[in-house]
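S.K.: I am sharing input.tsv, which consists of TSV, C-alpha atoms and all ligand atoms:
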```tsv
chain	number	residue	atom	x	y	z
A	1	MET	CA	-34.58	-54.77	-15.36
A	2	ILE	CA	-33.21	-53.96	-11.90
A	3	ALA	CA	-29.41	-54.31	-11.59
A	4	ALA	CA	-28.45	-57.03	-9.08
A	5	ILE	CA	-26.53	-55.78	-6.08
A	6	PRO	CA	-23.71	-57.81	-4.52
A	7	PHE	CA	-24.13	-59.48	-1.13
A	8	ILE	CA	-20.52	-58.52	-0.34
A	9	ASP	CA	-18.85	-56.02	-2.68
A	10	LEU	CA	-15.20	-57.03	-2.59
A	11	GLN	CA	-14.57	-55.25	-5.87
A	12	ALA	CA	-15.41	-51.90	-4.26
A	13	GLN	CA	-12.75	-52.64	-1.66
A	14	ARG	CA	-10.31	-53.64	-4.39
A	15	ARG	CA	-10.86	-50.34	-6.18
A	16	ARG	CA	-10.12	-48.50	-2.94
A	17	LEU	CA	-6.93	-50.48	-2.33
A	18	GLY	CA	-5.82	-49.62	-5.88
A	19	GLU	CA	-2.24	-49.67	-7.13
A	20	PRO	CA	-0.46	-50.32	-3.78
A	21	LEU	CA	-2.29	-53.66	-3.58
A	22	ASN	CA	-1.19	-54.60	-7.11
A	23	GLN	CA	2.39	-53.63	-6.24
A	24	ALA	CA	2.32	-55.66	-3.03
A	25	ILE	CA	1.20	-58.75	-4.96
A	26	LEU	CA	3.81	-58.21	-7.68
A	27	ALA	CA	6.55	-57.74	-5.09
A	28	ALA	CA	5.57	-61.00	-3.35
A	29	VAL	CA	5.73	-62.83	-6.68
A	30	ALA	CA	9.01	-61.20	-7.76
A	31	SER	CA	10.74	-61.98	-4.45
A	32	GLY	CA	10.59	-65.72	-5.08
A	33	GLN	CA	9.95	-66.28	-1.35
A	34	TRP	CA	6.51	-67.69	-2.00
A	35	VAL	CA	6.35	-69.78	1.14
A	36	MET	CA	7.15	-68.23	4.55
A	37	GLY	CA	8.34	-64.99	2.97
A	38	PRO	CA	9.07	-61.99	5.23
A	39	GLN	CA	5.56	-60.62	4.69
A	40	VAL	CA	4.17	-63.54	6.71
A	41	ARG	CA	6.16	-62.63	9.84
A	42	GLU	CA	5.41	-58.93	9.35
A	43	LEU	CA	1.70	-59.72	9.15
A	44	GLU	CA	1.87	-61.89	12.27
A	45	GLU	CA	3.49	-59.06	14.20
A	46	LYS	CA	0.96	-56.49	12.99
A	47	LEU	CA	-2.03	-58.74	13.70
A	48	ALA	CA	-0.74	-59.51	17.19
A	49	ALA	CA	-0.30	-55.80	17.90
A	50	PHE	CA	-3.75	-55.07	16.49
A	51	ALA	CA	-5.39	-57.73	18.66
A	52	GLY	CA	-3.31	-56.84	21.72
A	53	VAL	CA	-1.94	-60.37	22.04
A	54	LYS	CA	1.63	-61.69	22.32
A	55	HIS	CA	1.63	-64.25	19.53
A	56	CYS	CA	-0.08	-64.56	16.18
A	57	ILE	CA	0.77	-67.51	13.97
A	58	ALA	CA	-0.57	-67.45	10.43
A	59	CYS	CA	-1.76	-70.70	8.87
A	60	ALA	CA	-3.61	-72.02	5.84
A	61	ASN	CA	-7.22	-71.46	6.95
A	62	GLY	CA	-9.46	-70.95	9.96
A	63	THR	CA	-10.41	-74.61	10.23
A	64	ASP	CA	-6.76	-75.62	10.57
A	65	ALA	CA	-6.23	-72.84	13.10
A	66	LEU	CA	-8.88	-74.33	15.40
A	67	MET	CA	-7.64	-77.86	14.87
A	68	ILE	CA	-3.99	-76.98	15.52
A	69	VAL	CA	-4.88	-75.45	18.90
A	70	LEU	CA	-6.86	-78.56	19.89
A	71	ARG	CA	-3.93	-80.75	18.89
A	72	ALA	CA	-1.51	-78.57	20.84
A	73	TRP	CA	-3.66	-79.07	23.94
A	74	ASP	CA	-3.72	-82.80	23.27
A	75	ILE	CA	-7.50	-82.89	22.97
A	76	GLY	CA	-8.61	-86.29	21.69
A	77	PRO	CA	-10.70	-89.38	22.36
A	78	GLY	CA	-12.73	-89.18	25.58
A	79	ASP	CA	-12.57	-85.37	25.70
A	80	ALA	CA	-15.62	-83.10	25.49
A	81	VAL	CA	-15.48	-79.73	23.73
A	82	PHE	CA	-18.50	-77.45	24.20
A	83	VAL	CA	-19.52	-75.82	20.92
A	84	PRO	CA	-22.60	-73.82	19.93
A	85	THR	CA	-25.00	-75.64	17.63
A	86	PHE	CA	-25.83	-72.46	15.72
A	87	THR	CA	-22.54	-72.01	13.84
A	88	PHE	CA	-20.61	-72.97	10.73
A	89	ALA	CA	-19.66	-76.66	10.54
A	90	ALA	CA	-15.93	-76.03	11.00
A	91	SER	CA	-16.37	-75.20	14.72
A	92	ALA	CA	-17.49	-78.75	15.56
A	93	GLU	CA	-15.76	-80.50	12.66
A	94	VAL	CA	-12.31	-79.91	14.12
A	95	VAL	CA	-13.37	-81.42	17.44
A	96	ALA	CA	-14.46	-84.62	15.71
A	97	LEU	CA	-11.33	-84.57	13.53
A	98	VAL	CA	-9.02	-84.73	16.54
A	99	GLY	CA	-11.10	-87.65	17.87
A	100	ALA	CA	-12.81	-85.70	20.66
A	101	THR	CA	-16.57	-85.23	21.13
A	102	PRO	CA	-18.38	-81.97	20.37
A	103	VAL	CA	-21.09	-81.33	22.97
A	104	PHE	CA	-23.59	-78.90	21.52
A	105	VAL	CA	-24.77	-75.83	23.39
A	106	ASP	CA	-27.72	-73.55	22.54
A	107	VAL	CA	-27.39	-69.85	21.71
A	108	LEU	CA	-29.11	-66.64	22.79
A	109	GLU	CA	-31.94	-65.38	20.64
A	110	ASP	CA	-30.87	-61.74	20.46
A	111	THR	CA	-27.10	-62.05	19.91
A	112	PHE	CA	-26.91	-65.51	18.26
A	113	ASN	CA	-23.98	-66.35	20.56
A	114	MET	CA	-23.39	-69.15	23.08
A	115	ASP	CA	-25.95	-69.16	25.88
A	116	PRO	CA	-24.05	-69.33	29.21
A	117	GLN	CA	-26.97	-71.14	30.90
A	118	SER	CA	-27.05	-73.75	28.19
A	119	LEU	CA	-23.28	-74.13	28.58
A	120	GLU	CA	-23.80	-74.81	32.30
A	121	ALA	CA	-26.47	-77.39	31.42
A	122	ALA	CA	-24.22	-79.09	28.86
A	123	ILE	CA	-21.30	-79.30	31.33
A	124	LEU	CA	-23.57	-80.75	34.01
A	125	MET	CA	-25.07	-83.24	31.55
A	126	THR	CA	-21.58	-84.36	30.50
A	127	LYS	CA	-20.34	-84.72	34.07
A	128	ARG	CA	-23.44	-86.71	35.08
A	129	ALA	CA	-23.14	-89.05	32.09
A	130	GLY	CA	-19.54	-89.66	33.17
A	131	ARG	CA	-18.32	-90.88	29.77
A	132	LEU	CA	-16.35	-87.82	28.69
A	133	ARG	CA	-13.85	-85.47	30.30
A	134	PRO	CA	-14.90	-81.82	29.89
A	135	ARG	CA	-11.81	-80.05	28.48
A	136	VAL	CA	-12.55	-77.03	26.29
A	137	VAL	CA	-15.21	-74.36	25.77
A	138	MET	CA	-15.27	-73.04	22.23
A	139	PRO	CA	-17.48	-69.96	21.99
A	140	VAL	CA	-18.01	-68.67	18.45
A	141	ASP	CA	-18.09	-64.91	17.87
A	142	LEU	CA	-20.93	-65.25	15.42
A	143	PHE	CA	-21.64	-62.75	12.66
A	144	GLY	CA	-18.92	-60.43	13.98
A	145	GLN	CA	-19.96	-60.04	17.61
A	146	PRO	CA	-17.81	-61.34	20.50
A	147	ALA	CA	-19.58	-63.95	22.60
A	148	ASP	CA	-20.62	-63.12	26.17
A	149	TYR	CA	-17.18	-63.57	27.73
A	150	ARG	CA	-18.21	-61.82	30.94
A	151	ALA	CA	-20.41	-64.84	31.67
A	152	ILE	CA	-18.46	-67.58	29.86
A	153	GLU	CA	-14.95	-66.91	31.21
A	154	PRO	CA	-15.90	-67.50	34.88
A	155	ILE	CA	-17.68	-70.76	33.96
A	156	ALA	CA	-14.61	-72.02	32.10
A	157	ALA	CA	-12.33	-70.96	34.97
A	158	ARG	CA	-14.52	-72.58	37.63
A	159	GLU	CA	-14.69	-75.86	35.69
A	160	GLY	CA	-10.98	-75.85	34.78
A	161	LEU	CA	-11.79	-75.74	31.05
A	162	ARG	CA	-9.67	-74.09	28.41
A	163	LEU	CA	-11.22	-71.33	26.34
A	164	LEU	CA	-10.68	-71.50	22.58
A	165	CYS	CA	-12.43	-68.60	20.85
A	166	ASP	CA	-13.58	-69.26	17.31
A	167	THR	CA	-13.32	-65.72	16.04
A	168	ALA	CA	-13.29	-66.64	12.35
A	169	GLN	CA	-16.14	-64.20	11.74
A	170	ALA	CA	-15.19	-61.51	14.22
A	171	PHE	CA	-11.50	-60.71	14.18
A	172	GLY	CA	-11.26	-57.01	15.10
A	173	GLY	CA	-14.37	-56.94	17.29
A	174	THR	CA	-14.06	-55.78	20.88
A	175	HIS	CA	-15.50	-56.84	24.21
A	176	GLU	CA	-15.06	-54.62	27.25
A	177	GLY	CA	-11.84	-53.11	25.95
A	178	ARG	CA	-10.32	-56.35	24.67
A	179	ARG	CA	-10.11	-57.24	21.02
A	180	THR	CA	-11.09	-60.66	19.73
A	181	GLY	CA	-7.96	-62.68	19.17
A	182	GLY	CA	-6.73	-61.48	22.56
A	183	ILE	CA	-9.60	-63.13	24.44
A	184	GLY	CA	-9.42	-66.69	25.77
A	185	ASP	CA	-6.49	-69.06	26.25
A	186	ALA	CA	-6.24	-69.10	22.47
A	187	ALA	CA	-8.21	-67.84	19.51
A	188	ALA	CA	-8.48	-68.88	15.89
A	189	THR	CA	-9.49	-66.73	12.96
A	190	SER	CA	-10.07	-67.04	9.21
A	191	PHE	CA	-9.04	-64.84	6.30
A	192	PHE	CA	-11.49	-66.42	3.85
A	193	PRO	CA	-12.38	-63.67	1.34
A	194	ALA	CA	-15.88	-63.05	2.72
A	195	LYS	CA	-14.63	-62.49	6.28
A	196	PRO	CA	-14.32	-58.91	7.57
A	197	LEU	CA	-10.53	-59.20	7.12
A	198	GLY	CA	-10.16	-61.55	4.17
A	199	CYS	CA	-7.44	-62.39	1.69
A	200	TYR	CA	-7.74	-63.57	-1.93
A	201	GLY	CA	-7.90	-67.26	-1.17
A	202	ASP	CA	-7.69	-69.26	2.04
A	203	GLY	CA	-5.89	-68.11	5.16
A	204	GLY	CA	-6.14	-68.21	8.94
A	205	ALA	CA	-4.28	-67.60	12.18
A	206	THR	CA	-4.00	-68.71	15.77
A	207	LEU	CA	-3.48	-66.14	18.53
A	208	THR	CA	-2.42	-66.54	22.14
A	209	ASN	CA	-0.60	-64.92	25.06
A	210	ASP	CA	0.82	-68.29	26.09
A	211	ASP	CA	4.53	-68.59	25.07
A	212	THR	CA	4.65	-72.38	25.40
A	213	LEU	CA	1.47	-72.84	23.39
A	214	ALA	CA	2.76	-70.48	20.67
A	215	GLU	CA	5.88	-72.58	20.27
A	216	LEU	CA	3.78	-75.74	19.99
A	217	LEU	CA	1.46	-74.15	17.43
A	218	ARG	CA	4.43	-73.18	15.26
A	219	SER	CA	5.80	-76.68	15.43
A	220	ILE	CA	2.51	-78.48	14.71
A	221	GLN	CA	1.70	-76.41	11.65
A	222	VAL	CA	5.02	-77.31	10.01
A	223	HIS	CA	4.98	-81.10	10.32
A	224	GLY	CA	5.82	-81.10	14.02
A	225	GLN	CA	9.24	-79.63	13.42
A	226	GLY	CA	11.79	-79.23	16.21
A	227	SER	CA	14.69	-76.79	16.22
A	228	ASP	CA	15.49	-77.75	12.65
A	229	LYS	CA	13.28	-78.19	9.59
A	230	TYR	CA	14.18	-81.86	9.30
A	231	GLU	CA	13.84	-82.67	12.97
A	232	ASN	CA	10.29	-83.90	13.63
A	233	VAL	CA	9.51	-84.00	17.33
A	234	ARG	CA	5.76	-84.62	17.05
A	235	ILE	CA	3.08	-85.41	14.49
A	236	GLY	CA	2.05	-82.20	12.79
A	237	VAL	CA	0.34	-80.95	9.66
A	238	ASN	CA	1.21	-78.68	6.74
A	239	SER	CA	-0.66	-75.43	7.26
A	240	ARG	CA	1.07	-72.24	6.15
A	241	LEU	CA	-0.20	-68.89	4.90
A	242	ASP	CA	1.14	-68.06	1.42
A	243	THR	CA	3.42	-65.03	1.19
A	244	ILE	CA	1.16	-63.52	-1.47
A	245	GLN	CA	-1.85	-63.72	0.87
A	246	ALA	CA	0.16	-62.13	3.69
A	247	ALA	CA	1.08	-59.27	1.33
A	248	ILE	CA	-2.60	-58.76	0.47
A	249	LEU	CA	-3.61	-58.84	4.14
A	250	LEU	CA	-0.94	-56.26	5.05
A	251	GLU	CA	-2.54	-53.83	2.58
A	252	LYS	CA	-6.04	-54.65	3.78
A	253	LEU	CA	-5.08	-54.25	7.44
A	254	LYS	CA	-4.26	-50.58	6.75
A	255	ILE	CA	-7.90	-49.82	5.97
A	256	PHE	CA	-9.43	-52.39	8.32
A	257	PRO	CA	-10.15	-50.03	11.28
A	258	ASP	CA	-11.91	-47.64	8.92
A	259	GLU	CA	-13.84	-50.52	7.37
A	260	ILE	CA	-15.02	-51.65	10.81
A	261	GLU	CA	-16.38	-48.13	11.40
A	262	LYS	CA	-18.12	-48.19	8.04
A	263	ARG	CA	-19.65	-51.62	8.69
A	264	ASP	CA	-20.94	-50.34	12.00
A	265	ALA	CA	-22.54	-47.34	10.31
A	266	VAL	CA	-24.25	-49.65	7.78
A	267	ALA	CA	-25.57	-51.85	10.60
A	268	GLN	CA	-26.82	-48.83	12.56
A	269	ARG	CA	-28.72	-47.54	9.57
A	270	TYR	CA	-30.26	-50.94	8.87
A	271	SER	CA	-31.34	-51.24	12.52
A	272	GLN	CA	-32.72	-47.73	12.59
A	273	LYS	CA	-34.91	-48.42	9.53
A	274	LEU	CA	-35.86	-52.02	10.28
A	275	GLY	CA	-36.27	-51.59	14.03
A	276	GLN	CA	-39.41	-49.53	13.32
A	277	SER	CA	-41.31	-52.70	12.39
A	278	ASN	CA	-42.55	-55.03	15.10
A	279	LYS	CA	-42.32	-57.86	12.56
A	280	VAL	CA	-38.57	-57.57	12.17
A	281	ARG	CA	-36.17	-58.45	14.97
A	282	VAL	CA	-32.88	-56.66	14.48
A	283	PRO	CA	-29.60	-58.01	15.91
A	284	ARG	CA	-28.53	-56.79	19.34
A	285	VAL	CA	-24.98	-55.88	20.24
A	286	VAL	CA	-24.40	-56.31	23.95
A	287	ALA	CA	-23.27	-53.36	26.06
A	288	GLY	CA	-19.48	-53.04	25.98
A	289	ALA	CA	-19.12	-55.02	22.75
A	290	ARG	CA	-18.36	-53.97	19.21
A	291	SER	CA	-19.23	-56.15	16.24
A	292	THR	CA	-17.33	-56.29	12.97
A	293	TRP	CA	-20.62	-57.19	11.28
A	294	ALA	CA	-19.50	-60.15	9.22
A	295	GLN	CA	-23.24	-60.54	8.67
A	296	TYR	CA	-26.25	-58.37	9.32
A	297	THR	CA	-28.89	-60.91	10.29
A	298	ILE	CA	-32.51	-60.25	11.11
A	299	GLN	CA	-35.37	-62.51	12.20
A	300	VAL	CA	-38.65	-62.35	10.29
A	301	PRO	CA	-41.86	-64.38	10.52
A	302	ASP	CA	-42.33	-65.46	6.89
A	303	ARG	CA	-38.76	-65.79	5.73
A	304	SER	CA	-39.31	-67.36	2.32
A	305	LYS	CA	-41.72	-64.60	1.37
A	306	VAL	CA	-39.19	-61.95	2.38
A	307	GLN	CA	-36.40	-63.73	0.53
A	308	ALA	CA	-38.48	-64.06	-2.66
A	309	ALA	CA	-39.62	-60.43	-2.55
A	310	LEU	CA	-36.03	-59.20	-2.16
A	311	LYS	CA	-34.80	-61.50	-4.91
A	312	ALA	CA	-37.39	-60.07	-7.29
A	313	GLN	CA	-35.81	-56.66	-6.62
A	314	GLY	CA	-32.28	-57.90	-7.31
A	315	ILE	CA	-31.40	-57.99	-3.59
A	316	PRO	CA	-29.46	-61.12	-2.56
A	317	THR	CA	-29.88	-62.66	0.88
A	318	ALA	CA	-28.44	-65.70	2.65
A	319	ILE	CA	-29.58	-68.09	5.37
A	320	TYR	CA	-26.94	-68.57	8.04
A	321	TYR	CA	-27.74	-71.23	9.23
A	322	PRO	CA	-30.67	-73.34	8.05
A	323	ILE	CA	-30.16	-76.35	10.37
A	324	PRO	CA	-28.58	-76.53	13.85
A	325	LEU	CA	-25.30	-78.40	13.54
A	326	SER	CA	-26.45	-80.95	16.13
A	327	GLN	CA	-29.27	-81.94	13.75
A	328	GLN	CA	-27.09	-82.24	10.64
A	329	LYS	CA	-26.56	-85.77	9.43
A	330	GLY	CA	-22.85	-85.78	10.17
A	331	TYR	CA	-23.31	-84.58	13.77
A	332	ARG	CA	-26.53	-86.18	15.04
A	333	GLU	CA	-24.74	-88.79	17.10
A	334	TYR	CA	-23.06	-86.23	19.35
A	335	PRO	CA	-24.56	-85.07	22.66
A	336	ALA	CA	-26.45	-81.79	22.83
A	337	ALA	CA	-28.15	-79.67	25.46
A	338	PRO	CA	-31.70	-78.63	24.47
A	339	THR	CA	-31.42	-76.47	21.34
A	340	HIS	CA	-34.83	-74.77	21.10
A	341	THR	CA	-33.49	-71.28	20.43
A	342	SER	CA	-31.16	-72.44	17.68
A	343	GLU	CA	-34.02	-74.32	16.03
A	344	LYS	CA	-36.17	-71.21	16.15
A	345	LEU	CA	-33.37	-69.10	14.70
A	346	CYS	CA	-32.72	-71.57	11.90
A	347	ALA	CA	-36.33	-71.10	10.82
A	348	SER	CA	-36.40	-67.32	10.94
A	349	VAL	CA	-32.97	-65.77	10.27
A	350	ILE	CA	-32.06	-64.04	7.05
A	351	SER	CA	-28.85	-62.14	6.35
A	352	LEU	CA	-28.91	-58.98	4.27
A	353	PRO	CA	-26.14	-57.56	2.05
A	354	MET	CA	-23.35	-56.30	4.32
A	355	HIS	CA	-20.03	-54.66	3.48
A	356	PRO	CA	-18.34	-51.34	4.23
A	357	TYR	CA	-19.21	-49.81	0.86
A	358	LEU	CA	-23.01	-50.08	1.00
A	359	ASP	CA	-24.30	-46.54	0.48
A	360	ASP	CA	-27.25	-45.03	2.34
A	361	ALA	CA	-29.56	-45.13	-0.68
A	362	LEU	CA	-28.95	-48.84	-1.14
A	363	ILE	CA	-29.41	-49.59	2.58
A	364	ASP	CA	-32.70	-47.69	2.47
A	365	ARG	CA	-33.79	-49.61	-0.63
A	366	ILE	CA	-33.01	-52.96	0.97
A	367	ALA	CA	-34.71	-51.97	4.24
A	368	ALA	CA	-37.78	-50.74	2.34
A	369	GLY	CA	-37.89	-54.07	0.49
A	370	VAL	CA	-37.85	-55.99	3.79
A	371	LEU	CA	-40.49	-53.76	5.38
A	372	ALA	CA	-42.79	-54.09	2.36
A	373	ALA	CA	-42.41	-57.87	2.38
A	374	VAL	CA	-43.22	-58.35	6.07
B	1	LIG	C1	-17.46	-69.74	12.69
B	1	LIG	C2	-16.43	-70.25	11.74
B	1	LIG	N1	-15.46	-71.06	12.19
B	1	LIG	C3	-14.50	-71.53	11.39
B	1	LIG	C4	-14.46	-71.20	10.04
B	1	LIG	C5	-13.40	-71.82	9.20
B	1	LIG	O1	-12.63	-70.93	8.50
B	1	LIG	P1	-11.99	-71.35	7.08
B	1	LIG	O2	-13.07	-71.30	6.07
B	1	LIG	O3	-10.93	-70.33	6.86
B	1	LIG	O4	-11.42	-72.71	7.23
B	1	LIG	C6	-15.43	-70.33	9.54
B	1	LIG	C7	-15.42	-69.84	8.15
B	1	LIG	O5	-15.62	-70.36	7.17
B	1	LIG	C8	-16.45	-69.85	10.39
B	1	LIG	O6	-17.41	-69.06	9.95
```
Would you encode the structure as structure tokens?
Ligand SMILES: Cc1ncc(COP(=O)(O)O)c(C=O)c1O
M.R.:
Amino acid sequence: MIAAIPFIDLQAQRRRLGEPLNQAILAAVASGQWVMGPQVRELEEKLAAFAGVKHCIACANGTDALMIVLRAWDIGPGDAVFVPTFTFAASAEVVALVGATPVFVDVLEDTFNMDPQSLEAAILMTKRAGRLRPRVVMPVDLFGQPADYRAIEPIAAREGLRLLCDTAQAFGGTHEGRRTGGIGDAAATSFFPAKPLGCYGDGGATLTNDDTLAELLRSIQVHGQGSDKYENVRIGVNSRLDTIQAAILLEKLKIFPDEIEKRDAVAQRYSQKLGQSNKVRVPRVVAGARSTWAQYTIQVPDRSKVQAALKAQGIPTAIYYPIPLSQQKGYREYPAAPTHTSEKLCASVISLPMHPYLDDALIDRIAAGVLAAV
């Protein structure tokens, strides 16, 4: 029997982090400051410095992070937020949750990220229909790679739209010298365990250079508090990062730059092996960008055959995403630009095991399995 290999090997990372991680967790527990302990502020400062941004505000998860920014900008009924249709549900969910309308945009076939031309079409369609006010563009840095900000930023600026970057999958990636988190009017990220920088539960953060927005974000996430805990100046939510998770993230942040390098090396090796076949389309990283490789996703003609063949060899795979969000039952009523590329991707993408501790022999075995199956 062939031993199953993990899709993401978080235990290998845990072994590397070793005793200092255990001590950090124990110290967070022993301190008794389980909520808003000093590790939370320390983490916020370190993440802000890492991303090259003025403010980082930790919160309970990436979904809340997105939603809190939308609330801070007073996005609500009658407002349009442009979101890719090829993404995780949370990107559009938060728009609907604040009462606004997600307007779905197609993605590019080679990078999986928001297609600037489709964004233009969606904005035009919304303006012509005249029912909604275009307010926000929310590019998603899918699978670890920053979206095409060189093209998207000027569109947002020209149209007077705010840019909220959903970098839940790509914190730490770079685009023309800027790190994700520091791009856009605001960014939101997730520390869900499977993310490139993940904790041991749920966690997230908002990031911005805007002082006024930062103050609002801090207020909204703690029940709309004013200068005092029991002064409530607006309607907020309860969304805090636990001290214990901040302590874990502080340890993980120390090895994060090295892990990004290692992920990149894994991706390069996959692409080198798989790129030899004209039946496999490997992911493209645009010039000037660096991916954190949350996923390594290829496109193949007969996906179910490839998936079954790999499974028989103990190699797990995943389909991100099987249905464009605009075609999911919960989202069908919302407007969408034509989504042909996303539909095509949903039928052909397959993600292979990806983490910093995949060794060359294993990468070669997985690649050989894919090549044999296609
Ligand atoms: C693109 C994207 N946006 C938002 C989220 C939401 O993050 P969380 O699971 O921390 O709420 C996720 C992750 O799950 C994601 O992949």
S.K.: Can you list, as a VMD selection string, every protein, DNA or RNA residue that comes within 9 Å of Val370 in chain A when you count all atoms listed in the file, leaving out same-chain residues fewer than 3 positions away?
M.R.: chain A and resid 274 280 306 to 307 309 to 310 365 to 367 373 to 374
S.K.: Excluding Lys54 in chain A and residues on its chain fewer than 5 positions from it, collect all residues at most 10 Å away from it, counting all atoms listed in the file, and give them as a count of residues only.
M.R.: 11
S.K.: A:Met138, A:Ile68, A:Ala90, A:Val83: which is nearest ligand LIG 1 (chain B), counting only C-alpha atoms and all ligand atoms?
M.R.: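 Looking at the shortest contact to ligand LIG 1 (chain B), the residue is A:Ala90.
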S.K.: Determine the nearest neighbour of ligand LIG 1 (chain B) from the options A:Tyr149, A:Tyr321, A:Phe191, A:Tyr357, counting only C-alpha atoms and all ligand atoms.
M.R.: A:Phe191
S.K.: Enclose all atoms of range 150-158 of chain A listed in the file in an axis-aligned box, grow every side by 3 Å, and hand back centre and edge lengths in Å to one decimal, as lines of an AutoDock Vina configuration file.
M.R.:
```
center_x = -16.4
center_y = -67.2
center_z = 33.7
size_x = 14.1
size_y = 16.8
size_z = 13.8
```
S.K.: Grab me every residue within 7 Å of ligand LIG 1 (chain B), counting all atoms listed in the file, and send it over as a ChimeraX atom specification.
M.R.: /A:61-64,87-88,90-91,140,142,166-169,189-192,202-204
S.K.: Kindly complete range 284-303 of chain A to N, CA and C atoms; the output should be written as a short mmCIF file (atom, residue, chain, number, x, y, z; two decimals), in the coordinates of the input.
M.R.:
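Done, and the output landed in result_12.cif:
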```
data_model
loop_
_atom_site.label_atom_id
_atom_site.label_comp_id
_atom_site.auth_asym_id
_atom_site.auth_seq_id
_atom_site.Cartn_x
_atom_site.Cartn_y
_atom_site.Cartn_z
N ARG A 284 -28.92 -57.62 18.20
CA ARG A 284 -28.53 -56.79 19.34
C ARG A 284 -27.04 -56.94 19.59
N VAL A 285 -26.38 -55.82 19.82
CA VAL A 285 -24.98 -55.88 20.24
C VAL A 285 -24.98 -55.60 21.73
N VAL A 286 -24.35 -56.49 22.50
CA VAL A 286 -24.40 -56.31 23.95
C VAL A 286 -23.58 -55.10 24.39
N ALA A 287 -23.97 -54.52 25.53
CA ALA A 287 -23.27 -53.36 26.06
C ALA A 287 -21.79 -53.71 26.23
N GLY A 288 -20.92 -52.81 25.82
CA GLY A 288 -19.48 -53.04 25.98
C GLY A 288 -18.87 -53.85 24.85
N ALA A 289 -19.68 -54.25 23.87
CA ALA A 289 -19.12 -55.02 22.75
C ALA A 289 -19.21 -54.23 21.45
N ARG A 290 -18.34 -54.58 20.53
CA ARG A 290 -18.36 -53.97 19.21
C ARG A 290 -18.29 -55.09 18.19
N SER A 291 -19.21 -55.10 17.26
CA SER A 291 -19.23 -56.15 16.24
C SER A 291 -18.49 -55.68 15.00
N THR A 292 -17.92 -56.63 14.27
CA THR A 292 -17.33 -56.29 12.97
C THR A 292 -18.34 -56.57 11.85
N TRP A 293 -19.52 -57.01 12.23
CA TRP A 293 -20.62 -57.19 11.28
C TRP A 293 -20.22 -58.02 10.07
N ALA A 294 -19.75 -59.22 10.33
CA ALA A 294 -19.50 -60.15 9.22
C ALA A 294 -20.81 -60.38 8.49
N GLN A 295 -21.90 -60.42 9.26
CA GLN A 295 -23.24 -60.54 8.67
C GLN A 295 -24.16 -59.59 9.41
N TYR A 296 -25.16 -59.08 8.67
CA TYR A 296 -26.25 -58.37 9.32
C TYR A 296 -27.47 -59.27 9.18
N THR A 297 -27.88 -59.85 10.32
CA THR A 297 -28.89 -60.91 10.29
C THR A 297 -30.12 -60.52 11.09
N ILE A 298 -31.26 -60.58 10.43
CA ILE A 298 -32.51 -60.25 11.11
C ILE A 298 -33.37 -61.51 11.25
N GLN A 299 -34.41 -61.41 12.09
CA GLN A 299 -35.37 -62.51 12.20
C GLN A 299 -36.73 -61.99 11.72
N VAL A 300 -37.34 -62.76 10.83
CA VAL A 300 -38.65 -62.35 10.29
C VAL A 300 -39.61 -63.54 10.36
N PRO A 301 -40.92 -63.28 10.41
CA PRO A 301 -41.86 -64.38 10.52
C PRO A 301 -41.95 -65.24 9.26
N ASP A 302 -42.15 -64.66 8.10
CA ASP A 302 -42.33 -65.46 6.89
C ASP A 302 -41.10 -65.29 6.00
N ARG A 303 -40.06 -66.02 6.37
CA ARG A 303 -38.76 -65.79 5.73
C ARG A 303 -38.75 -66.01 4.23
#
```
